[in-house]
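Before any comments, here is the structure.
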Amino acid sequence: MPVFKPDPVQEGAVAPAPSAAVLAGRWLAILALSALLGGGMEAAGLPAALLLGPMIAAGAMAVSGRGVPLPRAAHFSALGVVGCMVGAATPPTVLGDILAHWPVFLAGVGSVVALAGGLGWLLARAQVLPGTTAVWGAWPGAASAMVILSDAHGADMRLVAVMQYLRVGLVAASAALIARFWVGVPEGAEAPAVDWVPPLDPGGLAVTAAVVGASLLIGRIVRMPSALFLAPMAIAIALHGADLPTPALPPWLLAAAYAVAGWGIGLRFTRPILAHAARALPRLLLGIVALIALCFGLGAALAWATGEDLLTAVLATSPGGMDSVAIVAASSDVDMPFVMAMQTARFLAVLFLGPWLARRIAALVAPA
């Protein structure tokens, strides 16, 4: 079975593949550590605990040199399940809502893209990262898509990957912390008990499998990683709008998808990749934290201007990956359609305008 490997191309000698027994031991360790961290965060009421716990566990194992190959089919299927979850929570009228409130979406999308482009310009000007590599590393959107596109446009995909996945991890963690400790929950409110293993819905699960399978096929045809998330989201919305059977998403399936998505992020932080970017790492972290803080300020301004609650606006302007933001939003009391409409609109803007903007921004700092 093909495996999901980190996007950056690692140089140097290839280490011998670990034996099946060693891999089994590592998987047991990741599962145990994921359960421990995710369960602890869940008990503490932290949103997206089932994403963050596995992400931290996998990252710790990978950086220690004990990473494991995550099957490509498992990772892509997890993205499909998360896409189904977002689609199920998004009304078919979302496109009309975007068009009806286009000034809000234009301002929100344009502001985040401008801040990210400004960060890329600063990193290139300070020679933290070269030219277009700095800009592609700063672009908000689906991280895997940005890494692949950056390579196609001549940037160093290894450095882009480090910055993209550092940002995704930090955004997921900070958004969950904001949701839990800063915005908080209403006084006296209690989280509803979760029935982790409800009665099976064979028909609904068959629809889920069909939608995820279709998204895998679409992703293979268009060769765009983001399609693995966007396609099931669009299909689920269309099924809802046509009053057709929709995907069943029992808690145990969502928990598994969140865990696999977390592993997909954490396993990218291998020791060779971080070593490649070691000199720039402190300044990259500073730049990412500054971008998150500025986007938080944009979220606060958006909440004031639109009347949306603060957490909804913060997640809508968050510069993280759509899939991780969706998981945090699903674990919080927010306006999911608004969050995902803003995130999707921004991704499409970066997808179509990103290459041209990256060249223009890099040209501003190129020597005369």
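Every chain in the structure tokens takes a letter, A first, then B, and so on in the order presented; its residues are numbered from 1, and the ligands are numbered from 1 following the presented order.
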
May I have the residues within 10 Å of A:Ala78 as a PyMOL selection string, using only C-alpha atoms and disregarding those fewer than 5 positions away in the same chain?
chain A and resi 72-73+83-84+212+228-229+253-262+264+323

Show which residues sit within 12 Å of A:Leu95, as a PyMOL selection string. Count only C-alpha atoms, and ignore same-chain residues fewer than 5 positions away.
chain A and resi 90+100-102+105+234+237-238+337-338+340-342+344-345

When you count only C-alpha atoms, which of these residues is closest to A:Glu308: A:Val82, A:Val128, A:Val197, A:Met336?
A:Met336

Exercise: A:Pro103 partners within 12 Å, only C-alpha atoms, chain neighbours under 4 positions left out, as a ChimeraX atom specification
/A:97-99,107-111,302,305-306,342

Output C-alpha atoms for every residue in the selection just made, as a PDB file, in the first residue's frame.
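Result written to result.pdb:
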```pdb
ATOM      1  CA  ASP A  97     -24.991  34.106   1.658  1.00  0.00           C
ATOM      2  CA  ILE A  98     -21.470  34.800   0.407  1.00  0.00           C
ATOM      3  CA  LEU A  99     -22.772  36.725  -2.601  1.00  0.00           C
ATOM      4  CA  ALA A 107     -12.575  42.428   3.338  1.00  0.00           C
ATOM      5  CA  GLY A 108     -11.951  39.321   5.439  1.00  0.00           C
ATOM      6  CA  VAL A 109     -10.208  37.367   2.688  1.00  0.00           C
ATOM      7  CA  GLY A 110      -8.248  40.348   1.376  1.00  0.00           C
ATOM      8  CA  SER A 111      -7.008  41.349   4.828  1.00  0.00           C
ATOM      9  CA  LEU A 302     -14.822  41.369  11.941  1.00  0.00           C
ATOM     10  CA  ALA A 305     -18.397  44.962  12.234  1.00  0.00           C
ATOM     11  CA  THR A 306     -20.709  42.023  11.525  1.00  0.00           C
ATOM     12  CA  MET A 342     -14.596  32.455   4.689  1.00  0.00           C
TER      13      MET A 342
END
```

Backbone-only DSSP, alpha helix (DSSP H) members of stretch 33-137 of chain A, as a ChimeraX atom specification
/A:33-43,49-63,72-88,94-100,102-125,131-137

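Checking A:Gly59, A:Gly241, A:Pro69, A:Gly120 one by one against A:Leu284, counting only C-alpha atoms, you find the shortest gap at A:Gly120.
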
What gap, in Å, lies between atom CA of A:Pro272 and atom CA of A:Ser150?
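So the two atoms, atom CA of A:Pro272 and atom CA of A:Ser150, lie 19.8 Å apart.
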
Would you mind telling me which residue in A:Leu310, A:Ala303, A:Ile273, A:Leu244 lies nearest to A:Val63 when using only C-alpha atoms?
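Distance minimum relative to A:Val63 lands on A:Ile273.
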
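Each of A:Leu353, A:Ala329, A:Val339, A:Ala32 was compared to A:Ala175 using only C-alpha atoms, and A:Ala329 turns out to be the nearest.
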
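Of the listed residues (A:Ala301, A:Val325, A:Val207, A:Leu159), A:Leu159 comes nearest to A:Ala278; the distances count only C-alpha atoms.
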
Counting only C-alpha atoms, which residue out of A:Ala227, A:Ala134, A:Cys295, A:Ala300 sits closest to A:Arg359?
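The answer is A:Ala134, which sits nearest to A:Arg359.
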